[in-house]
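Just below is one structure, and these are the notes that go with it.
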Amino acid sequence: KISLEAQVKKQTERVNAMKARNPNLVQLLIDNLSYSIESRSSLSEDTLIAAWIADRKQCEQILLASFENVLKPPIDKAAFAWFKDTILSSSVLLLQNNDAHLYEKLVAIATKYANQSAHVMSDIYEALKKQPSKWQQLQAIQNETLIERQDHSKVSLLSNKKLYSQNAIESKQNDDDQNTESVNDFVDIHMGVNE
């Protein structure tokens, strides 16, 4: 596995090439990150680190909002599974902004909600001890499946051709640019899947 330092160096070069080729690609990268997180689509390590390098403040805001959304009780199992596989497994959590590492902010959010949940559970337990008939009402709560299939309209499948048409136009205008192929590959692989 490639070291975090090497990943940051590689993505810094990629982001600089994107900025040089078309500054709008950097905002497209951030928008793609936001869209992917909102729709819980897959995200590569390269995309996360490139977005962090492109705009740390905006990337951090997007990720912290995601932490809040996923960890806020009640925790949705599917959302947490996506979060665990996509965000928690990423080394982007080891990157540092001005004041703290991203993982430290994640731990603070998790601790806040864990404390709130413990307090709520204590209250429920005390209430059930006083009124056993309420236990039946609690058991009557049913689970609800919101999305059953991957082709549901809320699930991201490759549907937006705007990214590809813009990329094709830019490629024709910059054929002599040595980074064009690298940027095209990155856009196709890491940004096109979720648009």
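Here's how to read the names in the structure tokens: chain A, B, ... by the order shown, residue numbers from 1 in each chain, ligand numbers from 1 in the order shown.
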
ask   = Neighbours of A:Ile53 within 9 Å (only C-alpha atoms; same-chain residues fewer than 6 positions away dropped), as a VMD selection string?
value = chain A and resid 8 11 to 12 15 59

request  = Just list the residues in stretch 18-84 of chain A DSSP gives helix (DSSP H, G or I) on the backbone, as a count of residues only.
outcome  = 54

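Those residues that approach A:Ala78 to within 12 Å, counting only C-alpha atoms, are Ser39, Arg40, Ser41, Val70, Leu71, Lys84, Asp85, Thr145, Leu146, Ile147 and Glu148 of chain A; same-chain residues fewer than 6 positions away are not listed.
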